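In what follows, a single structure is set out as structure tokens and then discussed.
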Amino acid sequence: MKDRKLFSLIRVMLEIGLIGFGGGTALIPVIEKKTVEQYGIIEEDEFNKEVMIASITPGALPVEIATGIGYHKAGNIGMAASAVSMALPGSFLMLFFLVLLSGVPEAVQGPVRVLAAVISVYIILVLVRYAFGTLKQAHSSREKYLYLFIILAVFLLSGEQNIYDLLHIKSTPVFSVSTIQILGAAFFVILFTKGYLRMFKRSVPAMLLAACYFLCAGDAHLIPYAAKPYLVGLMTVLAGIGLVQAIMEAPHNNKKFPVKGLLCSMAFWGALVLCLSLPALLRLPGVFSFMRTGFLSSFMSFGGGDAYLTVARGLFVDGGMISHVDFYGTVVTAANVLPGSILCKILTGIGYMIGYGENGSVLEGISMGLCGFITSVAASGTIYLLVWALYEKYRKLRIFDVVKHFIRPIISGLLLNVGVSLYLTVIQTLL
């Protein structure tokens with residue numbers, strides 16, 4: 001009976017992963033139809049709870065929902081089998097596409113790049129629509145103006161260099177801070193204020209510290225760059241204090257935090273990651289660095305699939321692991337025309353490009369792509385279980401609501417910057 005349930009989970013998740021175009025929230029009704037209505041794997045109330053927790057959790061949302069369903073129906077084995085099956089079709093097709101592209105002669109790559117440029121235009125329209133959708137979600141005119149201010153502020157902070165390139169201005173940007181720096185500052189403000197952003201005795205110092213951080217982290221270094229490590233240390237300590245205080249003050253139930261169960265699940269994921277990453281570990285340098293960055297990118301991925309583009313750019317492109325052209329011209333383009341989770345496809349594609357770039361070997365590209373695939377799945381699964389355990393214990397923690405409320409306008413501003421980057425890449429490709 002247990003084997004039959006596990007087989008059913010795998011079959012259903014593979015089917016969803018294969019037909020799941022759109023990724024992210026677009027897959028929620030598909031998963032519900034298959035798991036609740038058609039196959040009766042999970043009750044509707046349980047499914048709604050899994051979706052709610054996944055929605056406030058960073059990472060690949062479809063993979064997280066699959067993780068929750070698999071874990072609560074068949075333990076750690078069900079968790080891994082369900083999550084891997086959900087992500088496998090899209091990631092496999094990503095590798096297949098990149099392998100084919102690797103063998104295409106240079107003469108044929110020109111039309112392929114033109115096609116990629118056309119697809120990039122479509123992606124830009126999707127990103128702009130995402131930003132407008134954020135404004136439509138505002139419950140009042142005041143909230144809409146607040147969202148608009150956040151979107152424009154984040155866009156200007158993160159995309160100053162792109163704006164200069166777009167307008168052909170030759171000048172050193174004042175800010176031009178990275179995606180990771182913006183997200184880090186945003187989480188610092190939320191955690192330090194304990195989710196009470198109107199608490200002026202905390203919000204004002206938090207905003208001032210975040211502003212100082214941007215001024216020393218930006219390209220112009222209006223505050224000495226040497227102050228950055230001290231500011232980061234201070235902000236980390238204050239954010240930690242705020243989080244601890246918020247947890248202590250929040251009403252919670254008497255359920256024990258499942259430390260043993262979480263450790264077992266993490267060990268299970270760790271063993272799976274090690275097994276599937278072994279070919280890359282034996283053949284390529286820098287695998288652990290790639291895996292570490294992949295886990296970090298998943299932990300910072302809020303706001304749905306397309307939002308991951310901003311995080312991946314900040315860590316992998318700005319970090320020098322993959323070129324701007326390979327990322328936007330190849331990986332992003334392929335990810336947006338294939339089914340499945342965008343996060344998993346992107347991380348798989350980045351892994352392939354890094355491995356293939358070592359010496360032009362397709363096998364090494366596939367081995368690193370496989371490493372990226374299992375890293376994305378394991379990271380999303382691990383994060384989901386952590387947030388699920390926290391939610392069960394501290395479900396009235398205000399920080400959850402604030403993150404869910406404000407992360408979308410922040411992501412929208414970052415995505416507009418991605419749109420400008422894509423536009424500049426299209427112009428470069430066509431010229």
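Naming scheme: A, B, ... for chains in displayed order of the structure tokens; residues 1 onward per chain; ligands 1 onward as shown.
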
May I have the residues within 12 Å of A:Leu166 as an mmCIF file with C-alpha atoms, in the first residue's frame, using only C-alpha atoms and disregarding those fewer than 2 positions away in the same chain?
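Once written, part-v1.cif looks like this:
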data_model
loop_
_atom_site.group_PDB
_atom_site.id
_atom_site.type_symbol
_atom_site.label_atom_id
_atom_site.label_comp_id
_atom_site.auth_asym_id
_atom_site.auth_seq_id
_atom_site.Cartn_x
_atom_site.Cartn_y
_atom_site.Cartn_z
ATOM 1 C CA GLY A 159 19.459 49.720 -12.015
ATOM 2 C CA GLU A 160 21.355 52.990 -12.040
ATOM 3 C CA GLN A 161 24.074 51.636 -14.336
ATOM 4 C CA ASN A 162 21.488 50.151 -16.709
ATOM 5 C CA ILE A 163 19.641 53.469 -16.840
ATOM 6 C CA TYR A 164 22.894 55.266 -17.689
ATOM 7 C CA HIS A 168 24.054 56.757 -23.079
ATOM 8 C CA ILE A 169 25.226 58.680 -20.014
ATOM 9 C CA LYS A 170 28.898 58.243 -19.167
ATOM 10 C CA ASN A 417 15.855 46.322 -13.763
ATOM 11 C CA GLY A 419 13.756 43.991 -18.016
ATOM 12 C CA VAL A 420 16.149 46.833 -18.861
ATOM 13 C CA SER A 421 19.078 44.366 -18.835
ATOM 14 C CA LEU A 422 17.195 42.099 -21.218
ATOM 15 C CA TYR A 423 16.436 45.046 -23.500
ATOM 16 C CA LEU A 424 20.106 46.051 -23.619
ATOM 17 C CA THR A 425 21.024 42.419 -24.397
ATOM 18 C CA ILE A 427 19.921 45.512 -28.737
ATOM 19 C CA GLN A 428 23.445 44.099 -28.447
#

Looking only at alpha helix (DSSP H) from DSSP on the backbone, list the matching residues of stretch 114-325 of chain A as a compact mmCIF listing (two decimals) with N, CA and C atoms, in the first residue's frame.
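What landed in states01.txt:
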# COMPACT_ATOMS: atom_id res chain seq x y z
N VAL A 114 18.69 35.39 -32.64
CA VAL A 114 17.58 36.27 -33.03
C VAL A 114 16.28 35.78 -32.40
N LEU A 115 16.06 34.45 -32.43
CA LEU A 115 14.88 33.88 -31.80
C LEU A 115 14.90 34.16 -30.29
N ALA A 116 16.09 34.06 -29.69
CA ALA A 116 16.22 34.36 -28.26
C ALA A 116 15.86 35.81 -27.98
N ALA A 117 16.24 36.71 -28.89
CA ALA A 117 15.92 38.13 -28.72
C ALA A 117 14.41 38.35 -28.75
N VAL A 118 13.72 37.65 -29.67
CA VAL A 118 12.27 37.77 -29.77
C VAL A 118 11.61 37.29 -28.48
N ILE A 119 12.09 36.15 -27.96
CA ILE A 119 11.55 35.61 -26.72
C ILE A 119 11.83 36.56 -25.55
N SER A 120 13.01 37.21 -25.60
CA SER A 120 13.36 38.16 -24.54
C SER A 120 12.39 39.33 -24.49
N VAL A 121 11.92 39.77 -25.66
CA VAL A 121 10.93 40.85 -25.70
C VAL A 121 9.66 40.41 -24.98
N TYR A 122 9.26 39.18 -25.23
CA TYR A 122 8.08 38.64 -24.54
C TYR A 122 8.30 38.61 -23.03
N ILE A 123 9.49 38.21 -22.61
CA ILE A 123 9.81 38.14 -21.18
C ILE A 123 9.73 39.54 -20.56
N ILE A 124 10.23 40.54 -21.28
CA ILE A 124 10.17 41.92 -20.78
C ILE A 124 8.73 42.32 -20.53
N LEU A 125 7.84 41.98 -21.45
CA LEU A 125 6.42 42.30 -21.28
C LEU A 125 5.85 41.59 -20.05
N VAL A 126 6.28 40.35 -19.82
CA VAL A 126 5.81 39.60 -18.64
C VAL A 126 6.27 40.28 -17.36
N LEU A 127 7.52 40.76 -17.34
CA LEU A 127 8.06 41.41 -16.15
C LEU A 127 7.33 42.73 -15.86
N VAL A 128 7.05 43.49 -16.92
CA VAL A 128 6.31 44.74 -16.75
C VAL A 128 4.91 44.46 -16.23
N ARG A 129 4.28 43.40 -16.77
CA ARG A 129 2.94 43.02 -16.32
C ARG A 129 2.95 42.62 -14.84
N TYR A 130 4.03 41.97 -14.41
CA TYR A 130 4.18 41.59 -13.01
C TYR A 130 4.16 42.84 -12.12
N ALA A 131 4.89 43.88 -12.54
CA ALA A 131 4.94 45.12 -11.76
C ALA A 131 3.57 45.79 -11.70
N PHE A 132 2.86 45.84 -12.83
CA PHE A 132 1.52 46.42 -12.82
C PHE A 132 0.56 45.58 -11.98
N GLY A 133 0.74 44.26 -12.01
CA GLY A 133 -0.07 43.38 -11.18
C GLY A 133 0.13 43.65 -9.70
N THR A 134 1.35 44.03 -9.33
CA THR A 134 1.63 44.38 -7.94
C THR A 134 0.81 45.59 -7.51
N LEU A 135 0.75 46.61 -8.37
CA LEU A 135 -0.03 47.81 -8.06
C LEU A 135 -1.52 47.48 -7.95
N LYS A 136 -1.99 46.55 -8.77
CA LYS A 136 -3.41 46.17 -8.73
C LYS A 136 -3.77 45.44 -7.45
N SER A 141 -5.77 53.39 -2.31
CA SER A 141 -4.94 54.32 -3.08
C SER A 141 -3.64 54.63 -2.35
N ARG A 142 -3.72 54.75 -1.05
CA ARG A 142 -2.52 55.03 -0.25
C ARG A 142 -1.50 53.88 -0.37
N GLU A 143 -2.00 52.66 -0.32
CA GLU A 143 -1.12 51.50 -0.44
C GLU A 143 -0.55 51.41 -1.85
N LYS A 144 -1.34 51.78 -2.84
CA LYS A 144 -0.86 51.75 -4.22
C LYS A 144 0.29 52.73 -4.41
N TYR A 145 0.18 53.93 -3.84
CA TYR A 145 1.26 54.91 -3.94
C TYR A 145 2.50 54.43 -3.18
N LEU A 146 2.29 53.75 -2.07
CA LEU A 146 3.42 53.20 -1.32
C LEU A 146 4.13 52.14 -2.15
N TYR A 147 3.35 51.24 -2.76
CA TYR A 147 3.94 50.21 -3.62
C TYR A 147 4.71 50.85 -4.77
N LEU A 148 4.13 51.89 -5.39
CA LEU A 148 4.78 52.56 -6.51
C LEU A 148 6.10 53.18 -6.08
N PHE A 149 6.11 53.81 -4.90
CA PHE A 149 7.34 54.41 -4.37
C PHE A 149 8.41 53.34 -4.16
N ILE A 150 8.02 52.20 -3.57
CA ILE A 150 8.98 51.12 -3.32
C ILE A 150 9.54 50.59 -4.64
N ILE A 151 8.65 50.37 -5.61
CA ILE A 151 9.07 49.84 -6.91
C ILE A 151 10.08 50.77 -7.58
N LEU A 152 9.77 52.06 -7.62
CA LEU A 152 10.67 53.02 -8.28
C LEU A 152 11.98 53.18 -7.52
N ALA A 153 11.90 53.19 -6.17
CA ALA A 153 13.12 53.33 -5.37
C ALA A 153 14.05 52.14 -5.58
N VAL A 154 13.50 50.94 -5.55
CA VAL A 154 14.32 49.74 -5.74
C VAL A 154 14.88 49.71 -7.16
N PHE A 155 14.06 50.10 -8.15
CA PHE A 155 14.51 50.12 -9.54
C PHE A 155 15.68 51.08 -9.72
N LEU A 156 15.59 52.26 -9.13
CA LEU A 156 16.65 53.24 -9.27
C LEU A 156 17.92 52.82 -8.52
N LEU A 157 17.74 52.22 -7.34
CA LEU A 157 18.89 51.78 -6.57
C LEU A 157 19.65 50.65 -7.28
N SER A 158 18.89 49.70 -7.82
CA SER A 158 19.53 48.52 -8.41
C SER A 158 19.92 48.70 -9.87
N GLU A 160 20.80 51.70 -11.64
CA GLU A 160 21.35 52.99 -12.04
C GLU A 160 22.29 52.86 -13.24
N GLN A 161 23.16 51.83 -13.22
CA GLN A 161 24.07 51.64 -14.34
C GLN A 161 23.32 51.31 -15.62
N ASN A 162 22.28 50.48 -15.53
CA ASN A 162 21.49 50.15 -16.71
C ASN A 162 20.79 51.37 -17.28
N ILE A 163 20.31 52.24 -16.38
CA ILE A 163 19.64 53.47 -16.84
C ILE A 163 20.64 54.37 -17.56
N TYR A 164 21.85 54.47 -17.02
CA TYR A 164 22.89 55.27 -17.69
C TYR A 164 23.21 54.69 -19.07
N ASP A 165 23.32 53.35 -19.16
CA ASP A 165 23.60 52.71 -20.46
C ASP A 165 22.46 52.95 -21.43
N LEU A 166 21.23 52.90 -20.92
CA LEU A 166 20.06 53.10 -21.77
C LEU A 166 20.02 54.51 -22.32
N LEU A 167 20.42 55.48 -21.49
CA LEU A 167 20.38 56.89 -21.89
C LEU A 167 21.72 57.38 -22.45
N THR A 179 21.32 43.19 -6.20
CA THR A 179 20.06 42.59 -5.76
C THR A 179 20.16 42.09 -4.33
N ILE A 180 21.25 41.39 -4.05
CA ILE A 180 21.43 40.79 -2.72
C ILE A 180 21.50 41.87 -1.65
N GLN A 181 22.16 42.98 -1.94
CA GLN A 181 22.27 44.06 -0.97
C GLN A 181 20.90 44.69 -0.67
N ILE A 182 20.07 44.83 -1.71
CA ILE A 182 18.73 45.40 -1.51
C ILE A 182 17.87 44.46 -0.69
N LEU A 183 17.87 43.17 -1.05
CA LEU A 183 17.07 42.20 -0.29
C LEU A 183 17.56 42.08 1.15
N GLY A 184 18.88 42.10 1.32
CA GLY A 184 19.44 42.02 2.67
C GLY A 184 19.02 43.21 3.53
N ALA A 185 19.07 44.42 2.96
CA ALA A 185 18.65 45.61 3.69
C ALA A 185 17.16 45.57 4.02
N ALA A 186 16.35 45.08 3.07
CA ALA A 186 14.90 44.98 3.30
C ALA A 186 14.60 44.03 4.45
N PHE A 187 15.26 42.88 4.47
CA PHE A 187 15.02 41.92 5.56
C PHE A 187 15.54 42.45 6.89
N PHE A 188 16.62 43.23 6.84
CA PHE A 188 17.12 43.83 8.07
C PHE A 188 16.07 44.76 8.68
N VAL A 189 15.46 45.61 7.84
CA VAL A 189 14.44 46.54 8.34
C VAL A 189 13.25 45.78 8.92
N ILE A 190 12.80 44.75 8.21
CA ILE A 190 11.63 43.97 8.68
C ILE A 190 11.93 43.26 9.99
N LEU A 191 13.11 42.63 10.07
CA LEU A 191 13.45 41.86 11.28
C LEU A 191 13.73 42.78 12.47
N PHE A 192 14.45 43.88 12.22
CA PHE A 192 14.80 44.77 13.33
C PHE A 192 13.56 45.44 13.93
N PHE A 200 8.29 53.88 15.11
CA PHE A 200 9.30 54.84 14.65
C PHE A 200 10.63 54.73 15.40
N LYS A 201 10.57 54.35 16.66
CA LYS A 201 11.83 54.27 17.41
C LYS A 201 12.72 53.14 16.90
N ARG A 202 12.16 52.23 16.09
CA ARG A 202 12.96 51.19 15.46
C ARG A 202 13.08 51.40 13.95
N SER A 203 12.00 51.84 13.30
CA SER A 203 12.03 51.97 11.85
C SER A 203 12.96 53.09 11.38
N VAL A 204 13.00 54.22 12.11
CA VAL A 204 13.87 55.34 11.71
C VAL A 204 15.34 54.95 11.78
N PRO A 205 15.84 54.39 12.92
CA PRO A 205 17.24 53.94 12.92
C PRO A 205 17.53 52.87 11.87
N ALA A 206 16.55 51.98 11.63
CA ALA A 206 16.74 50.93 10.63
C ALA A 206 16.91 51.53 9.25
N MET A 207 16.07 52.51 8.90
CA MET A 207 16.16 53.15 7.60
C MET A 207 17.49 53.90 7.44
N LEU A 208 17.93 54.57 8.51
CA LEU A 208 19.19 55.30 8.46
C LEU A 208 20.38 54.36 8.27
N LEU A 209 20.36 53.23 8.98
CA LEU A 209 21.44 52.26 8.82
C LEU A 209 21.44 51.67 7.41
N ALA A 210 20.24 51.38 6.88
CA ALA A 210 20.16 50.84 5.52
C ALA A 210 20.67 51.86 4.50
N ALA A 211 20.33 53.15 4.71
CA ALA A 211 20.80 54.21 3.81
C ALA A 211 22.33 54.32 3.85
N CYS A 212 22.90 54.28 5.05
CA CYS A 212 24.37 54.32 5.19
C CYS A 212 25.02 53.13 4.49
N TYR A 213 24.37 51.97 4.62
CA TYR A 213 24.89 50.76 3.97
C TYR A 213 24.92 50.94 2.45
N PHE A 214 23.85 51.48 1.88
CA PHE A 214 23.81 51.69 0.43
C PHE A 214 24.87 52.70 -0.01
N LEU A 215 25.09 53.74 0.81
CA LEU A 215 26.05 54.78 0.43
C LEU A 215 27.49 54.28 0.44
N CYS A 216 27.77 53.27 1.30
CA CYS A 216 29.14 52.75 1.30
C CYS A 216 29.28 51.53 0.38
N ALA A 217 28.13 50.89 0.02
CA ALA A 217 28.19 49.72 -0.85
C ALA A 217 28.09 50.10 -2.32
N LYS A 228 31.88 49.28 5.48
CA LYS A 228 30.86 48.29 5.11
C LYS A 228 30.85 47.07 6.03
N PRO A 229 32.01 46.42 6.31
CA PRO A 229 31.96 45.23 7.17
C PRO A 229 31.37 45.51 8.56
N TYR A 230 31.67 46.70 9.10
CA TYR A 230 31.16 47.05 10.43
C TYR A 230 29.65 47.27 10.38
N LEU A 231 29.18 47.91 9.30
CA LEU A 231 27.74 48.12 9.14
C LEU A 231 27.01 46.78 8.98
N VAL A 232 27.59 45.90 8.17
CA VAL A 232 26.98 44.58 7.96
C VAL A 232 26.91 43.81 9.27
N GLY A 233 27.99 43.85 10.05
CA GLY A 233 28.01 43.16 11.34
C GLY A 233 26.95 43.71 12.29
N LEU A 234 26.88 45.05 12.37
CA LEU A 234 25.90 45.68 13.25
C LEU A 234 24.48 45.35 12.82
N MET A 235 24.21 45.43 11.51
CA MET A 235 22.86 45.14 11.00
C MET A 235 22.47 43.68 11.23
N THR A 236 23.44 42.78 11.10
CA THR A 236 23.17 41.36 11.33
C THR A 236 22.80 41.10 12.78
N VAL A 237 23.56 41.70 13.69
CA VAL A 237 23.28 41.53 15.13
C VAL A 237 21.90 42.10 15.49
N LEU A 238 21.61 43.32 15.01
CA LEU A 238 20.33 43.95 15.32
C LEU A 238 19.16 43.18 14.72
N ALA A 239 19.34 42.65 13.50
CA ALA A 239 18.28 41.84 12.88
C ALA A 239 18.04 40.57 13.68
N GLY A 240 19.12 39.95 14.15
CA GLY A 240 18.99 38.74 14.97
C GLY A 240 18.27 39.01 16.27
N ILE A 241 18.60 40.14 16.89
CA ILE A 241 17.93 40.51 18.14
C ILE A 241 16.44 40.73 17.90
N GLY A 242 16.12 41.44 16.80
CA GLY A 242 14.72 41.69 16.47
C GLY A 242 13.94 40.41 16.23
N LEU A 243 14.57 39.45 15.53
CA LEU A 243 13.90 38.17 15.26
C LEU A 243 13.64 37.40 16.54
N VAL A 244 14.64 37.35 17.42
CA VAL A 244 14.48 36.65 18.69
C VAL A 244 13.37 37.29 19.53
N GLN A 245 13.35 38.61 19.58
CA GLN A 245 12.31 39.32 20.33
C GLN A 245 10.93 39.06 19.75
N ALA A 246 10.84 39.05 18.40
CA ALA A 246 9.55 38.80 17.76
C ALA A 246 9.03 37.41 18.08
N ILE A 247 9.94 36.42 18.09
CA ILE A 247 9.54 35.05 18.40
C ILE A 247 9.10 34.93 19.86
N MET A 248 9.83 35.60 20.73
CA MET A 248 9.50 35.52 22.17
C MET A 248 8.17 36.21 22.48
N GLU A 249 7.86 37.26 21.75
CA GLU A 249 6.63 38.02 22.01
C GLU A 249 5.41 37.42 21.32
N VAL A 259 12.87 19.27 16.14
CA VAL A 259 14.30 19.37 15.84
C VAL A 259 14.83 18.06 15.24
N LYS A 260 14.50 16.94 15.86
CA LYS A 260 15.00 15.65 15.39
C LYS A 260 14.51 15.34 13.98
N GLY A 261 13.23 15.58 13.73
CA GLY A 261 12.68 15.31 12.41
C GLY A 261 13.31 16.18 11.33
N LEU A 262 13.53 17.47 11.66
CA LEU A 262 14.15 18.37 10.70
C LEU A 262 15.59 17.96 10.39
N LEU A 263 16.33 17.57 11.43
CA LEU A 263 17.71 17.13 11.22
C LEU A 263 17.78 15.88 10.34
N CYS A 264 16.85 14.96 10.57
CA CYS A 264 16.81 13.75 9.74
C CYS A 264 16.51 14.10 8.28
N SER A 265 15.55 15.01 8.07
CA SER A 265 15.20 15.42 6.71
C SER A 265 16.36 16.13 6.03
N MET A 266 17.06 17.01 6.78
CA MET A 266 18.20 17.72 6.21
C MET A 266 19.33 16.75 5.85
N ALA A 267 19.55 15.76 6.73
CA ALA A 267 20.57 14.75 6.45
C ALA A 267 20.21 13.96 5.20
N PHE A 268 18.93 13.67 5.04
CA PHE A 268 18.45 12.95 3.86
C PHE A 268 18.71 13.75 2.59
N TRP A 269 18.37 15.04 2.64
CA TRP A 269 18.63 15.92 1.50
C TRP A 269 20.13 16.02 1.22
N GLY A 270 20.92 16.16 2.30
CA GLY A 270 22.38 16.27 2.14
C GLY A 270 22.97 15.05 1.45
N ALA A 271 22.51 13.85 1.84
CA ALA A 271 23.01 12.62 1.22
C ALA A 271 22.63 12.57 -0.26
N LEU A 272 21.41 13.01 -0.58
CA LEU A 272 20.96 13.00 -1.98
C LEU A 272 21.76 13.99 -2.82
N VAL A 273 22.01 15.17 -2.26
CA VAL A 273 22.82 16.17 -2.97
C VAL A 273 24.22 15.64 -3.23
N LEU A 274 24.82 15.02 -2.22
CA LEU A 274 26.17 14.49 -2.36
C LEU A 274 26.24 13.41 -3.44
N CYS A 275 25.26 12.52 -3.46
CA CYS A 275 25.25 11.43 -4.45
C CYS A 275 25.15 11.96 -5.87
N LEU A 276 24.21 12.87 -6.11
CA LEU A 276 24.00 13.36 -7.47
C LEU A 276 25.06 14.38 -7.90
N SER A 277 25.76 14.96 -6.94
CA SER A 277 26.81 15.93 -7.27
C SER A 277 28.18 15.28 -7.38
N LEU A 278 28.26 13.99 -7.07
CA LEU A 278 29.55 13.29 -7.06
C LEU A 278 30.28 13.36 -8.41
N PRO A 279 29.59 13.17 -9.57
CA PRO A 279 30.31 13.29 -10.84
C PRO A 279 30.98 14.65 -11.02
N ALA A 280 30.29 15.72 -10.63
CA ALA A 280 30.88 17.06 -10.75
C ALA A 280 32.02 17.24 -9.75
N LEU A 281 31.85 16.73 -8.54
CA LEU A 281 32.89 16.86 -7.51
C LEU A 281 34.18 16.17 -7.93
N LEU A 282 34.06 15.06 -8.66
CA LEU A 282 35.24 14.30 -9.07
C LEU A 282 35.93 14.89 -10.30
N ARG A 283 35.21 15.73 -11.07
CA ARG A 283 35.75 16.18 -12.35
C ARG A 283 36.04 17.68 -12.42
N VAL A 287 33.01 23.30 -7.31
CA VAL A 287 31.65 22.75 -7.19
C VAL A 287 31.01 23.18 -5.87
N PHE A 288 31.76 23.12 -4.79
CA PHE A 288 31.20 23.50 -3.49
C PHE A 288 30.81 24.98 -3.47
N SER A 289 31.60 25.80 -4.12
CA SER A 289 31.27 27.23 -4.20
C SER A 289 29.97 27.43 -4.98
N PHE A 290 29.79 26.69 -6.07
CA PHE A 290 28.56 26.76 -6.85
C PHE A 290 27.37 26.28 -6.04
N MET A 291 27.53 25.17 -5.33
CA MET A 291 26.44 24.64 -4.51
C MET A 291 26.06 25.61 -3.40
N ARG A 292 27.07 26.19 -2.75
CA ARG A 292 26.81 27.14 -1.68
C ARG A 292 26.05 28.36 -2.20
N THR A 293 26.48 28.87 -3.35
CA THR A 293 25.79 30.01 -3.96
C THR A 293 24.39 29.63 -4.39
N GLY A 294 24.22 28.40 -4.90
CA GLY A 294 22.89 27.93 -5.29
C GLY A 294 21.93 27.86 -4.12
N PHE A 295 22.40 27.35 -2.98
CA PHE A 295 21.56 27.30 -1.78
C PHE A 295 21.20 28.71 -1.33
N LEU A 296 22.19 29.61 -1.34
CA LEU A 296 21.93 30.99 -0.92
C LEU A 296 20.91 31.65 -1.85
N SER A 297 21.04 31.41 -3.15
CA SER A 297 20.10 32.02 -4.10
C SER A 297 18.67 31.53 -3.86
N SER A 298 18.53 30.26 -3.49
CA SER A 298 17.20 29.72 -3.21
C SER A 298 16.62 30.32 -1.93
N PHE A 299 17.47 30.52 -0.93
CA PHE A 299 17.02 31.12 0.32
C PHE A 299 16.58 32.57 0.12
N TYR A 308 13.23 35.10 -9.31
CA TYR A 308 14.53 34.46 -9.10
C TYR A 308 15.58 35.01 -10.05
N LEU A 309 15.15 35.56 -11.18
CA LEU A 309 16.10 36.12 -12.14
C LEU A 309 16.95 37.21 -11.49
N THR A 310 16.34 38.00 -10.62
CA THR A 310 17.08 39.10 -9.99
C THR A 310 18.13 38.56 -9.03
N VAL A 311 17.76 37.52 -8.28
CA VAL A 311 18.70 36.93 -7.33
C VAL A 311 19.84 36.23 -8.07
N ALA A 312 19.49 35.45 -9.11
CA ALA A 312 20.51 34.73 -9.88
C ALA A 312 21.48 35.70 -10.54
N HIS A 324 27.02 37.72 -18.68
CA HIS A 324 25.74 38.39 -18.88
C HIS A 324 25.04 37.84 -20.12
N VAL A 325 25.79 37.63 -21.20
CA VAL A 325 25.22 37.14 -22.46
C VAL A 325 24.71 35.71 -22.31

Hey, what's within 7 Å of stretch 86-102 of chain A if we count only C-alpha atoms and toss same-chain stuff fewer than 3 positions away? As an mmCIF file with C-alpha atoms, in the first residue's frame, please?
data_model
loop_
_atom_site.group_PDB
_atom_site.id
_atom_site.type_symbol
_atom_site.label_atom_id
_atom_site.label_comp_id
_atom_site.auth_asym_id
_atom_site.auth_seq_id
_atom_site.Cartn_x
_atom_site.Cartn_y
_atom_site.Cartn_z
ATOM 1 C CA MET A 13 4.276 15.008 -9.898
ATOM 2 C CA LEU A 14 6.046 13.997 -13.117
ATOM 3 C CA ILE A 16 2.430 18.105 -13.451
ATOM 4 C CA GLY A 17 6.086 18.960 -14.059
ATOM 5 C CA LEU A 18 5.762 18.033 -17.720
ATOM 6 C CA VAL A 63 8.670 22.064 -5.601
ATOM 7 C CA ALA A 66 5.326 18.839 -3.745
ATOM 8 C CA SER A 82 7.725 14.074 -4.929
ATOM 9 C CA ALA A 83 9.962 17.180 -5.099
ATOM 10 C CA ALA A 334 15.334 28.553 -22.501
ATOM 11 C CA ALA A 335 13.851 28.635 -18.990
ATOM 12 C CA LEU A 338 10.079 25.201 -21.016
ATOM 13 C CA PRO A 339 7.675 23.753 -18.411
ATOM 14 C CA GLY A 340 8.418 23.488 -14.705
ATOM 15 C CA SER A 341 9.954 25.598 -11.953
ATOM 16 C CA CYS A 344 15.213 24.769 -10.881
ATOM 17 C CA LYS A 345 15.634 25.320 -14.629
ATOM 18 C CA THR A 348 20.367 23.679 -13.787
ATOM 19 C CA GLY A 349 21.190 25.852 -16.799
ATOM 20 C CA VAL A 362 29.237 18.373 -22.666
ATOM 21 C CA ILE A 366 25.758 17.832 -17.647
ATOM 22 C CA PHE A 373 19.296 20.635 -10.312
#

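Atom CA of A:Leu415 sits 27.2 Å away from atom CA of A:Gly357.
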
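For the pair atom CA of A:Ser323 and atom CA of A:Gly351, the separation is 12.5 Å.
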
* To one decimal in Å, tell me the separation between atom CA of A:Ile65 and atom CA of A:Glu50. => 5.8 Å

* Of the candidates A:Val418, A:Met368, A:Ile31, A:Val36, which one gets nearest to A:Val317 if we count only C-alpha atoms? ->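 Closest to A:Val317 of all the choices is A:Val418.
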
* From A:Ile69, A:Ile354, A:Ile28, A:Ala226, residue lying nearest A:Glu46 [only C-alpha atoms] ->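 Checking each candidate against A:Glu46, we get A:Ile69 as the closest.
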